[in-house]
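Peer 1: This is upload-v9.pdb (PDB, C-alpha atoms).
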ATOM      1  CA  MET S   1     166.253 131.710 454.820
ATOM      2  CA  THR S   2     169.899 130.685 455.157
ATOM      3  CA  ALA S   3     172.893 131.444 452.964
ATOM      4  CA  THR S   4     172.533 128.108 451.228
ATOM      5  CA  SER S   5     168.751 127.978 450.797
ATOM      6  CA  GLU S   6     167.125 129.524 447.748
ATOM      7  CA  LEU S   7     165.145 132.752 448.036
ATOM      8  CA  PRO S   8     161.412 132.179 448.311
ATOM      9  CA  TYR S   9     159.356 132.318 445.140
ATOM     10  CA  VAL S  10     157.093 135.381 445.336
ATOM     11  CA  GLU S  11     153.830 135.936 443.499
ATOM     12  CA  GLU S  12     152.302 139.149 444.807
ATOM     13  CA  GLU S  13     150.741 142.399 443.564
ATOM     14  CA  GLY S  14     151.075 141.409 439.909
ATOM     15  CA  LEU S  15     154.757 140.488 440.170
ATOM     16  CA  THR S  16     156.341 137.055 440.017
ATOM     17  CA  LEU S  17     159.879 136.986 441.421
ATOM     18  CA  GLY S  18     161.987 133.950 442.075
ATOM     19  CA  PRO S  19     165.231 132.061 441.661
ATOM     20  CA  VAL S  20     165.947 130.033 438.535
ATOM     21  CA  PRO S  21     166.167 126.488 439.943
ATOM     22  CA  GLY S  22     169.634 125.003 440.014
ATOM     23  CA  VAL S  23     171.447 128.177 438.907
ATOM     24  CA  PRO S  24     172.880 130.074 441.889
ATOM     25  CA  GLY S  25     172.603 133.841 441.541
ATOM     26  CA  ARG S  26     170.103 133.738 438.696
ATOM     27  CA  TYR S  27     166.544 135.080 439.119
ATOM     28  CA  ARG S  28     163.477 135.480 436.915
ATOM     29  CA  PHE S  29     161.073 138.430 437.118
ATOM     30  CA  ALA S  30     157.690 138.471 435.381
ATOM     31  CA  GLY S  31     154.379 140.328 435.444
ATOM     32  CA  THR S  32     153.607 144.000 435.923
ATOM     33  CA  GLY S  33     154.922 146.185 438.734
ATOM     34  CA  GLU S  34     152.694 149.015 439.880
ATOM     35  CA  ALA S  35     152.844 151.163 443.007
ATOM     36  CA  GLU S  36     151.643 148.289 445.211
ATOM     37  CA  GLY S  37     154.431 146.079 443.848
ATOM     38  CA  ALA S  38     157.253 148.418 444.878
ATOM     39  CA  ALA S  39     157.378 147.109 448.470
ATOM     40  CA  VAL S  40     157.329 143.514 447.208
ATOM     41  CA  LEU S  41     160.224 144.174 444.845
ATOM     42  CA  ASP S  42     162.124 146.151 447.458
ATOM     43  CA  ARG S  43     161.838 143.299 449.972
ATOM     44  CA  PHE S  44     162.880 140.675 447.427
ATOM     45  CA  LEU S  45     165.906 142.688 446.287
ATOM     46  CA  GLY S  46     166.944 143.189 449.919
ATOM     47  CA  GLN S  47     166.909 139.412 450.480
ATOM     48  CA  LEU S  48     168.689 138.828 447.178
ATOM     49  CA  HIS S  49     171.421 141.291 448.191
ATOM     50  CA  GLN S  50     171.948 139.630 451.577
ATOM     51  CA  GLN S  51     172.078 136.179 450.045
ATOM     52  CA  THR S  52     174.503 137.248 447.325
ATOM     53  CA  LEU S  53     176.841 138.677 449.972
ATOM     54  CA  SER S  54     176.509 135.537 452.146
ATOM     55  CA  ARG S  55     177.303 133.266 449.219
ATOM     56  CA  GLU S  56     180.131 135.568 448.105
ATOM     57  CA  LEU S  57     178.875 135.486 444.506
ATOM     58  CA  ARG S  58     180.631 137.804 442.066
ATOM     59  CA  GLU S  59     177.595 138.257 439.827
ATOM     60  CA  VAL S  60     173.804 138.008 439.840
ATOM     61  CA  THR S  61     171.645 137.696 436.749
ATOM     62  CA  LEU S  62     168.065 138.894 436.428
ATOM     63  CA  GLU S  63     165.949 137.549 433.584
ATOM     64  CA  LEU S  64     163.575 140.433 432.862
ATOM     65  CA  MET S  65     162.240 139.374 429.466
ATOM     66  CA  GLU S  66     158.838 138.395 430.870
ATOM     67  CA  LEU S  67     158.486 141.558 432.908
ATOM     68  CA  GLU S  68     155.698 143.321 431.030
ATOM     69  CA  PHE S  69     156.084 146.732 432.639
ATOM     70  CA  ILE S  70     157.207 148.411 435.851
ATOM     71  CA  ASN S  71     156.223 151.911 436.871
ATOM     72  CA  SER S  72     158.577 154.442 438.432
ATOM     73  CA  SER S  73     157.890 153.224 441.999
ATOM     74  CA  CYS S  74     159.206 149.772 441.099
ATOM     75  CA  LEU S  75     162.007 151.281 439.022
ATOM     76  CA  LYS S  76     162.973 153.210 442.161
ATOM     77  CA  ALA S  77     163.277 149.914 444.086
ATOM     78  CA  MET S  78     165.758 148.688 441.468
ATOM     79  CA  VAL S  79     167.571 152.041 441.538
ATOM     80  CA  ALA S  80     167.957 151.826 445.333
ATOM     81  CA  TRP S  81     169.389 148.301 445.127
ATOM     82  CA  ILE S  82     171.824 149.109 442.318
ATOM     83  CA  TYR S  83     172.919 152.312 444.079
ATOM     84  CA  LYS S  84     173.588 150.310 447.251
ATOM     85  CA  VAL S  85     175.732 147.780 445.386
ATOM     86  CA  ASP S  86     177.562 150.586 443.568
ATOM     87  CA  THR S  87     178.295 152.635 446.677
ATOM     88  CA  GLU S  88     179.083 149.807 449.099
ATOM     89  CA  GLY S  89     182.208 148.401 447.507
ATOM     90  CA  ARG S  90     180.708 146.874 444.352
ATOM     91  CA  PRO S  91     180.823 143.341 445.797
ATOM     92  CA  TYR S  92     179.128 141.843 442.730
ATOM     93  CA  LYS S  93     178.035 142.697 439.197
ATOM     94  CA  ILE S  94     174.415 142.771 438.090
ATOM     95  CA  ARG S  95     173.606 141.286 434.682
ATOM     96  CA  LEU S  96     170.199 142.367 433.358
ATOM     97  CA  LEU S  97     168.713 140.283 430.548
ATOM     98  CA  ARG S  98     166.167 142.408 428.691
ATOM     99  CA  ASP S  99     163.837 142.080 425.725
ATOM    100  CA  ALA S 100     164.917 145.020 423.580
ATOM    101  CA  SER S 101     161.786 144.732 421.447
ATOM    102  CA  LEU S 102     159.902 146.236 424.403
ATOM    103  CA  HIS S 103     160.310 150.021 424.364
ATOM    104  CA  TRP S 104     160.225 150.406 428.151
ATOM    105  CA  GLN S 105     162.868 147.703 428.670
ATOM    106  CA  ARG S 106     165.214 149.395 426.202
ATOM    107  CA  THR S 107     164.936 152.771 427.913
ATOM    108  CA  SER S 108     164.552 151.809 431.576
ATOM    109  CA  ILE S 109     167.282 149.174 431.672
ATOM    110  CA  ALA S 110     169.614 151.635 429.943
ATOM    111  CA  THR S 111     168.711 154.132 432.681
ATOM    112  CA  LEU S 112     169.779 151.609 435.338
ATOM    113  CA  GLN S 113     173.083 151.042 433.574
ATOM    114  CA  ARG S 114     173.813 154.772 433.404
ATOM    115  CA  LEU S 115     173.329 154.888 437.177
ATOM    116  CA  ALA S 116     176.127 152.359 437.756
ATOM    117  CA  PRO S 117     178.030 151.518 434.569
ATOM    118  CA  ASP S 118     180.706 149.582 436.479
ATOM    119  CA  VAL S 119     178.100 147.352 438.117
ATOM    120  CA  VAL S 120     175.295 146.828 435.580
ATOM    121  CA  VAL S 121     175.776 144.749 432.448
ATOM    122  CA  ILE S 122     172.962 144.544 429.866
ATOM    123  CA  GLU S 123     172.313 141.571 427.613
ATOM    124  CA  ASP S 124     169.590 141.535 424.972
ATOM    125  CA  ARG S 125     167.558 138.340 424.857
ATOM    126  CA  ALA S 126     164.368 137.496 423.033
ATOM    127  CA  LYS S 127     161.331 136.466 425.069
ATOM    128  CA  LYS S 128     160.914 132.665 425.045
TER     129      LYS S 128
ATOM    130  CA  MET A   1     144.442 149.591 439.300
ATOM    131  CA  ALA A   2     146.640 152.161 437.474
ATOM    132  CA  GLY A   3     147.749 149.476 435.037
ATOM    133  CA  LYS A   4     144.189 148.500 434.164
ATOM    134  CA  ILE A   5     143.218 152.102 433.477
ATOM    135  CA  ALA A   6     146.418 152.742 431.493
ATOM    136  CA  ASN A   7     145.899 149.579 429.436
ATOM    137  CA  TRP A   8     142.309 150.530 428.724
ATOM    138  CA  LEU A   9     143.431 153.981 427.587
ATOM    139  CA  ILE A  10     146.133 152.547 425.347
ATOM    140  CA  ASP A  11     143.713 150.043 423.797
ATOM    141  CA  PHE A  12     141.633 153.068 422.903
ATOM    142  CA  CYS A  13     144.694 154.929 421.507
ATOM    143  CA  GLN A  14     145.564 151.959 419.314
ATOM    144  CA  MET A  15     142.245 152.313 417.525
ATOM    145  CA  ALA A  16     143.437 155.736 416.329
ATOM    146  CA  ILE A  17     147.220 155.270 416.053
ATOM    147  CA  ASP A  18     148.884 152.598 413.979
ATOM    148  CA  ASP A  19     152.349 153.181 415.397
ATOM    149  CA  LEU A  20     153.608 150.668 417.939
ATOM    150  CA  GLU A  21     156.550 152.808 419.074
ATOM    151  CA  THR A  22     154.315 155.798 419.827
ATOM    152  CA  THR A  23     151.720 153.704 421.641
ATOM    153  CA  SER A  24     154.485 152.099 423.738
ATOM    154  CA  ARG A  25     155.687 155.564 424.749
ATOM    155  CA  LEU A  26     152.127 156.629 425.531
ATOM    156  CA  HIS A  27     151.655 153.429 427.541
ATOM    157  CA  MET A  28     154.534 154.373 429.830
ATOM    158  CA  ALA A  29     153.162 157.897 430.189
ATOM    159  CA  ALA A  30     149.636 156.666 430.892
ATOM    160  CA  HIS A  31     150.904 154.386 433.675
ATOM    161  CA  GLU A  32     152.806 157.201 435.349
ATOM    162  CA  LEU A  33     150.039 159.793 434.973
ATOM    163  CA  VAL A  34     147.288 157.521 436.266
ATOM    164  CA  GLU A  35     149.488 156.502 439.180
ATOM    165  CA  ASN A  36     149.981 160.174 440.063
ATOM    166  CA  VAL A  37     146.253 160.879 439.899
ATOM    167  CA  LEU A  38     145.524 157.937 442.196
ATOM    168  CA  LYS A  39     148.330 158.889 444.562
ATOM    169  CA  TYR A  40     147.833 162.651 444.806
ATOM    170  CA  GLY A  41     144.220 163.265 443.758
ATOM    171  CA  SER A  42     142.146 164.589 446.630
ATOM    172  CA  SER A  43     138.674 163.831 445.252
ATOM    173  CA  PRO A  44     137.064 161.070 443.187
ATOM    174  CA  GLU A  45     136.446 163.444 440.266
ATOM    175  CA  VAL A  46     139.309 162.986 437.832
ATOM    176  CA  GLY A  47     139.695 163.459 434.101
ATOM    177  CA  LEU A  48     141.698 161.393 431.663
ATOM    178  CA  GLU A  49     141.729 162.409 428.011
ATOM    179  CA  PHE A  50     143.355 161.180 424.840
ATOM    180  CA  GLU A  51     143.479 163.587 421.928
ATOM    181  CA  LEU A  52     144.713 163.162 418.360
ATOM    182  CA  GLU A  53     145.170 166.351 416.375
ATOM    183  CA  ARG A  54     145.576 165.300 412.764
ATOM    184  CA  GLY A  55     147.623 167.407 410.345
ATOM    185  CA  ASP A  56     148.562 166.800 406.714
ATOM    186  CA  ASP A  57     152.130 165.750 407.449
ATOM    187  CA  ASN A  58     152.279 165.415 411.224
ATOM    188  CA  SER A  59     149.809 164.732 413.975
ATOM    189  CA  ILE A  60     149.947 165.551 417.653
ATOM    190  CA  VAL A  61     148.958 162.934 420.212
ATOM    191  CA  ARG A  62     148.168 164.159 423.666
ATOM    192  CA  LEU A  63     147.274 162.670 427.044
ATOM    193  CA  ARG A  64     145.795 164.882 429.712
ATOM    194  CA  THR A  65     144.888 164.197 433.331
ATOM    195  CA  ARG A  66     142.901 166.474 435.616
ATOM    196  CA  ASN A  67     142.470 166.148 439.351
ATOM    197  CA  THR A  68     142.195 168.250 442.451
ATOM    198  CA  ALA A  69     145.013 168.098 444.972
ATOM    199  CA  ALA A  70     146.223 169.645 448.209
ATOM    200  CA  PRO A  71     147.929 173.063 447.832
ATOM    201  CA  GLU A  72     151.372 171.649 448.689
ATOM    202  CA  GLN A  73     150.961 168.996 445.978
ATOM    203  CA  LEU A  74     149.947 171.667 443.461
ATOM    204  CA  ARG A  75     153.060 173.671 444.315
ATOM    205  CA  GLU A  76     155.251 170.570 444.114
ATOM    206  CA  VAL A  77     153.988 169.425 440.706
ATOM    207  CA  THR A  78     154.335 172.963 439.322
ATOM    208  CA  ARG A  79     157.917 173.124 440.585
ATOM    209  CA  ARG A  80     158.783 169.745 439.124
ATOM    210  CA  VAL A  81     157.306 170.486 435.713
ATOM    211  CA  SER A  82     159.013 173.918 435.594
ATOM    212  CA  GLU A  83     162.364 172.293 436.385
ATOM    213  CA  LEU A  84     161.772 169.613 433.803
ATOM    214  CA  LYS A  85     160.843 172.096 431.078
ATOM    215  CA  ALA A  86     163.868 174.269 431.878
ATOM    216  CA  ALA A  87     166.299 171.361 431.698
ATOM    217  CA  PRO A  88     168.260 171.577 428.441
ATOM    218  CA  ASP A  89     168.977 167.835 428.464
ATOM    219  CA  PRO A  90     166.035 165.772 429.790
ATOM    220  CA  ILE A  91     168.076 162.587 430.113
ATOM    221  CA  ALA A  92     170.853 164.281 432.080
ATOM    222  CA  TYR A  93     168.182 165.848 434.337
ATOM    223  CA  TYR A  94     166.519 162.445 434.844
ATOM    224  CA  ASP A  95     169.862 160.780 435.629
ATOM    225  CA  ARG A  96     170.667 163.476 438.210
ATOM    226  CA  LEU A  97     167.225 163.069 439.774
ATOM    227  CA  ILE A  98     167.652 159.297 439.972
ATOM    228  CA  ARG A  99     171.071 159.600 441.563
ATOM    229  CA  SER A 100     169.906 162.190 444.103
ATOM    230  CA  THR A 101     166.815 160.200 445.137
ATOM    231  CA  ALA A 102     168.448 156.749 445.073
ATOM    232  CA  PRO A 103     169.421 156.729 448.777
ATOM    233  CA  VAL A 104     166.089 158.262 449.867
ATOM    234  CA  MET A 105     163.448 155.812 451.098
ATOM    235  CA  GLY A 106     159.857 156.179 450.000
ATOM    236  CA  MET A 107     158.211 157.807 447.009
ATOM    237  CA  SER A 108     160.094 157.880 443.750
ATOM    238  CA  GLY A 109     159.145 161.295 442.338
ATOM    239  CA  LEU A 110     160.528 160.043 439.029
ATOM    240  CA  GLY A 111     157.312 159.652 437.023
ATOM    241  CA  LEU A 112     157.177 162.948 435.118
ATOM    242  CA  ALA A 113     160.915 162.986 434.443
ATOM    243  CA  ARG A 114     160.635 159.419 433.171
ATOM    244  CA  ILE A 115     157.868 160.463 430.769
ATOM    245  CA  ARG A 116     160.108 163.245 429.434
ATOM    246  CA  ALA A 117     163.376 161.306 429.279
ATOM    247  CA  GLU A 118     162.337 157.728 428.524
ATOM    248  CA  ALA A 119     159.062 158.167 426.650
ATOM    249  CA  GLY A 120     160.344 161.313 424.922
ATOM    250  CA  LEU A 121     157.112 163.248 425.458
ATOM    251  CA  ASP A 122     156.777 166.949 426.211
ATOM    252  CA  VAL A 123     155.328 167.568 429.665
ATOM    253  CA  ASP A 124     153.365 170.601 430.797
ATOM    254  CA  CYS A 125     150.948 171.476 433.568
ATOM    255  CA  SER A 126     148.511 174.193 434.554
ATOM    256  CA  VAL A 127     146.773 174.909 437.839
ATOM    257  CA  GLU A 128     143.390 176.514 438.224
ATOM    258  CA  GLY A 129     142.091 176.832 441.744
ATOM    259  CA  ARG A 130     142.674 173.444 443.318
ATOM    260  CA  GLU A 131     142.722 171.580 440.016
ATOM    261  CA  VAL A 132     145.885 170.568 438.208
ATOM    262  CA  SER A 133     145.962 169.521 434.607
ATOM    263  CA  ILE A 134     148.992 167.644 433.295
ATOM    264  CA  VAL A 135     149.478 167.332 429.564
ATOM    265  CA  VAL A 136     151.994 165.123 427.785
ATOM    266  CA  GLN A 137     152.305 165.115 424.029
ATOM    267  CA  THR A 138     154.372 164.204 421.039
ATOM    268  CA  THR A 139     154.332 164.721 417.303
ATOM    269  CA  MET A 140     154.148 161.787 414.925
ATOM    270  CA  ARG A 141     154.053 161.443 411.171
ATOM    271  CA  SER A 142     150.492 161.376 409.887
ATOM    272  CA  ASP A 143     149.242 158.195 408.232
ATOM    273  CA  ARG A 144     148.924 158.532 404.488
TER     274      ARG A 144
END
As structure tokens, what does this structure read like?
Peer 2:
Amino acid sequence: MTATSELPYVEEEGLTLGPVPGVPGRYRFAGTGEAEGAAVLDRFLGQLHQQTLSRELREVTLELMELEFINSSCLKAMVAWIYKVDTEGRPYKIRLLRDASLHWQRTSIATLQRLAPDVVVIEDRAKK
Amino acid sequence: MAGKIANWLIDFCQMAIDDLETTSRLHMAAHELVENVLKYGSSPEVGLEFELERGDDNSIVRLRTRNTAAPEQLREVTRRVSELKAAPDPIAYYDRLIRSTAPVMGMSGLGLARIRAEAGLDVDCSVEGREVSIVVQTTMRSDR
């Protein structure tokens, strides 16, 4: 992977993670994240972070509307990433697109924003 | 694995509860509880119960897991649940826990606090010998 190449599309342990083609800094997450998925998500977010820094992007967007559920192990992977961005100079903002009709997305995405209100922006979108 | 069991349990709950919000909250709790049983249980014998206690105006819905675990795990879960129950503001407690564990690699330890703060369920536990029983519950308006 180089700074200019897209992140690899990942379909592993119930999760589908990948870039939205043709839109730099925009990614789509889908599926269900259980304990086994935490390492997959952690690895993907690590690559995403490195690439965002390399490309000097000011914002990344995650489309989460098709993410059916993540347990606390996967939530922890997102927490660790957001905490890193928040405590290492806030080099970019993180825009999370959620489906507010899903109870867990309403509560868990709000939890992530409370962790780093200057970094995380929430946008409500309906599932396509 | 945990997801399949949690989904099966929630399908069963939906036969008794016609309240999407409550079943969504129970779904989150079921995921976290089953995950804990699979992660910390020390024998294949586990229990997973759903209980609906109907009243005239309100009903109580309850999920309970039972499993044996190592003594240090029993002490740890008891400590966590005691802390959680003593916290006057579950969301503030959860946020503090998230912030303090964010830089720590490895296990999340957030599951029970998430059930309390995000799913809005009461959490309790009891230990008997080497068996721990975790109960989460909420009150909902009874169907008329």
Peer 1: Which residue out of S:Ile122, S:Val60, S:Ser5, S:Met65 has the minimum interatomic distance to Phe29 in chain S when all atoms listed in the file are used?
Peer 2: S:Met65
Peer 1: Here is a test: counting only C-alpha atoms, which residue of S:Asp42, S:Glu36, S:Glu56, S:Asp86 is nearest to Leu115 in chain S?
Peer 2: S:Asp86
Peer 1: Using the chain letters and numbers from this file, what does the PyMOL selection byres ((chain A and resi 100) around 12) select? Give the answer as a PyMOL selection string.
Peer 2: (chain S and resi 76+79-80+83+115) or (chain A and resi 93-99+101-105+108-110)
Peer 1: Identify, on the basis of all atoms listed in the file, every residue whose closest approach to range 91-96 of chain S does not exceed 7 Å; exclude the query and any residue fewer than 6 positions from it along the same chain; express the result as number ranges by chain.
Peer 2: S: 57-64, 85, 119-123
Peer 1: Restricted to C-alpha atoms, what would the selected residues look like written as a short mmCIF file (atom, residue, chain, number, x, y, z; two decimals), in the coordinates of the input?
Peer 2:
data_model
loop_
_atom_site.label_atom_id
_atom_site.label_comp_id
_atom_site.auth_asym_id
_atom_site.auth_seq_id
_atom_site.Cartn_x
_atom_site.Cartn_y
_atom_site.Cartn_z
CA LEU S 57 178.88 135.49 444.51
CA ARG S 58 180.63 137.80 442.07
CA GLU S 59 177.60 138.26 439.83
CA VAL S 60 173.80 138.01 439.84
CA THR S 61 171.64 137.70 436.75
CA LEU S 62 168.06 138.89 436.43
CA GLU S 63 165.95 137.55 433.58
CA LEU S 64 163.57 140.43 432.86
CA VAL S 85 175.73 147.78 445.39
CA VAL S 119 178.10 147.35 438.12
CA VAL S 120 175.30 146.83 435.58
CA VAL S 121 175.78 144.75 432.45
CA ILE S 122 172.96 144.54 429.87
CA GLU S 123 172.31 141.57 427.61
#
Peer 1: Quick check: residues of chain A within 12 Å of chain S, only C-alpha atoms, returned as a count of residues only.
Peer 2: 56
Peer 1: As an exercise, work out the distance from CA of Leu7 in chain S to CA of Tyr27 in chain S in Å and give it to one decimal place.
Peer 2: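 Pair CA of Leu7 in chain S / CA of Tyr27 in chain S returns 9.3 Å.
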Peer 1: With all atoms listed in the file as the counted atoms, please give the residues lying no more than 12 Å from Gly41 in chain A, apart from itself and same-chain residues fewer than 4 positions off, as a list in words.
Peer 2: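 Within the cut-off, the hits are Leu33, Val34, Glu35, Asn36, Val37, Glu45, Val46, Gly47, Thr65, Arg66, Asn67, Thr68, Ala69, Ala70, Pro71, Gln73, Leu74, Val77, Arg130, Glu131, Val132 and Ser133 of chain A.
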Peer 1: So which one's closest to Ala87 in chain A, A:Asp122, A:Gln14, A:Gly129, A:Ser43? Using all atoms listed in the file, please.
Peer 2: A:Asp122
Peer 1: Just give me the gap between CA of Ser142 in chain A and CA of Asn58 in chain A in Å, one decimal is fine.
Peer 2: 4.6 Å
Peer 1: So which one's closest to Arg98 in chain S, S:Val23, S:Leu48, S:Leu67, S:Leu15? Using all atoms listed in the file, please.
Peer 2: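 Once distances to Arg98 in chain S are computed over all atoms listed in the file, the minimum belongs to S:Leu67.
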Peer 1: How many Å lie between CA of Pro19 in chain S and CA of Arg125 in chain S, rounded to one decimal?
Peer 2: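 Separating CA of Pro19 in chain S from CA of Arg125 in chain S is a distance of 18.1 Å.
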Peer 1: Can you sort out the box for range 69-88 of chain S, edges along x, y and z, all listed atoms in, 8 Å on every side, with centre and edge lengths in Å to one decimal, as lines of an AutoDock Vina configuration file?
Peer 2:
center_x = 167.6
center_y = 150.6
center_z = 440.9
size_x = 39.0
size_y = 23.7
size_z = 32.5
Peer 1: For the structure provided, state which residues fall under the PyMOL selection byres ((chain S and resi 47) around 12), and present them as a ChimeraX atom specification.
Peer 2: /S:1-3,5-10,17-19,25,40-46,48-54,81
Peer 1: If you count all atoms listed in the file, which residues fall within 10 Å of Arg54 in chain A, apart from same-chain ones fewer than 2 positions away, as a PDB file with C-alpha atoms, in the frame of the given file?
Peer 2:
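Once everything was written out, this is around.pdb:
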ATOM      1  CA  GLU A  51     143.479 163.587 421.928  1.00  0.00           C
ATOM      2  CA  LEU A  52     144.713 163.162 418.360  1.00  0.00           C
ATOM      3  CA  ASP A  56     148.562 166.800 406.714  1.00  0.00           C
ATOM      4  CA  ASP A  57     152.130 165.750 407.449  1.00  0.00           C
ATOM      5  CA  ASN A  58     152.279 165.415 411.224  1.00  0.00           C
ATOM      6  CA  SER A  59     149.809 164.732 413.975  1.00  0.00           C
ATOM      7  CA  ILE A  60     149.947 165.551 417.653  1.00  0.00           C
ATOM      8  CA  VAL A  61     148.958 162.934 420.212  1.00  0.00           C
ATOM      9  CA  THR A 139     154.332 164.721 417.303  1.00  0.00           C
ATOM     10  CA  MET A 140     154.148 161.787 414.925  1.00  0.00           C
ATOM     11  CA  ARG A 141     154.053 161.443 411.171  1.00  0.00           C
ATOM     12  CA  SER A 142     150.492 161.376 409.887  1.00  0.00           C
ATOM     13  CA  ASP A 143     149.242 158.195 408.232  1.00  0.00           C
TER      14      ASP A 143
END
Peer 1: With only C-alpha atoms as the basis for distance, which of A:Leu9, A:Tyr40, A:Leu48, A:Val123 is at the shortest distance from Ala86 in chain A?
Peer 2: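 Ranked by minimum distance to Ala86 in chain A, first place goes to A:Val123.
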Peer 1: Would you mind writing range 114-131 of chain A with N, CA and C atoms, as an mmCIF file, in the frame of the given file?
Peer 2:
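The file below, selection-v6.cif, is the result:
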data_model
loop_
_atom_site.group_PDB
_atom_site.id
_atom_site.type_symbol
_atom_site.label_atom_id
_atom_site.label_comp_id
_atom_site.auth_asym_id
_atom_site.auth_seq_id
_atom_site.Cartn_x
_atom_site.Cartn_y
_atom_site.Cartn_z
ATOM 1 N N ARG A 114 160.548 160.629 433.990
ATOM 2 C CA ARG A 114 160.635 159.419 433.171
ATOM 3 C C ARG A 114 159.848 159.591 431.869
ATOM 4 N N ILE A 115 158.677 160.216 431.975
ATOM 5 C CA ILE A 115 157.868 160.463 430.769
ATOM 6 C C ILE A 115 158.656 161.318 429.782
ATOM 7 N N ARG A 116 159.351 162.326 430.306
ATOM 8 C CA ARG A 116 160.108 163.245 429.434
ATOM 9 C C ARG A 116 161.339 162.543 428.853
ATOM 10 N N ALA A 117 162.090 161.862 429.720
ATOM 11 C CA ALA A 117 163.376 161.306 429.279
ATOM 12 C C ALA A 117 163.225 159.972 428.557
ATOM 13 N N GLU A 118 162.414 159.075 429.103
ATOM 14 C CA GLU A 118 162.337 157.728 428.524
ATOM 15 C C GLU A 118 161.283 157.627 427.430
ATOM 16 N N ALA A 119 160.118 158.249 427.669
ATOM 17 C CA ALA A 119 159.062 158.167 426.650
ATOM 18 C C ALA A 119 159.235 159.263 425.602
ATOM 19 N N GLY A 120 160.072 160.254 425.895
ATOM 20 C CA GLY A 120 160.344 161.313 424.922
ATOM 21 C C GLY A 120 159.148 162.201 424.641
ATOM 22 N N LEU A 121 158.292 162.398 425.640
ATOM 23 C CA LEU A 121 157.112 163.248 425.458
ATOM 24 C C LEU A 121 157.339 164.598 426.143
ATOM 25 N N ASP A 122 156.758 165.638 425.559
ATOM 26 C CA ASP A 122 156.777 166.949 426.211
ATOM 27 C C ASP A 122 155.793 166.918 427.377
ATOM 28 N N VAL A 123 156.168 167.568 428.460
ATOM 29 C CA VAL A 123 155.328 167.568 429.665
ATOM 30 C C VAL A 123 155.002 169.009 430.034
ATOM 31 N N ASP A 124 153.746 169.267 430.337
ATOM 32 C CA ASP A 124 153.365 170.601 430.797
ATOM 33 C C ASP A 124 152.253 170.466 431.843
ATOM 34 N N CYS A 125 152.040 171.524 432.605
ATOM 35 C CA CYS A 125 150.948 171.476 433.568
ATOM 36 C C CYS A 125 150.374 172.869 433.763
ATOM 37 N N SER A 126 149.130 172.915 434.193
ATOM 38 C CA SER A 126 148.511 174.193 434.554
ATOM 39 C C SER A 126 147.653 173.965 435.788
ATOM 40 N N VAL A 127 147.561 175.008 436.605
ATOM 41 C CA VAL A 127 146.773 174.909 437.839
ATOM 42 C C VAL A 127 145.699 175.981 437.817
ATOM 43 N N GLU A 128 144.490 175.565 438.133
ATOM 44 C CA GLU A 128 143.390 176.514 438.224
ATOM 45 C C GLU A 128 142.630 176.210 439.504
ATOM 46 N N GLY A 129 142.703 177.107 440.443
ATOM 47 C CA GLY A 129 142.091 176.832 441.744
ATOM 48 C C GLY A 129 142.796 175.661 442.379
ATOM 49 N N ARG A 130 142.049 174.625 442.703
ATOM 50 C CA ARG A 130 142.674 173.444 443.318
ATOM 51 C C ARG A 130 142.864 172.307 442.319
ATOM 52 N N GLU A 131 142.627 172.630 441.029
ATOM 53 C CA GLU A 131 142.722 171.580 440.016
ATOM 54 C C GLU A 131 144.017 171.713 439.216
#
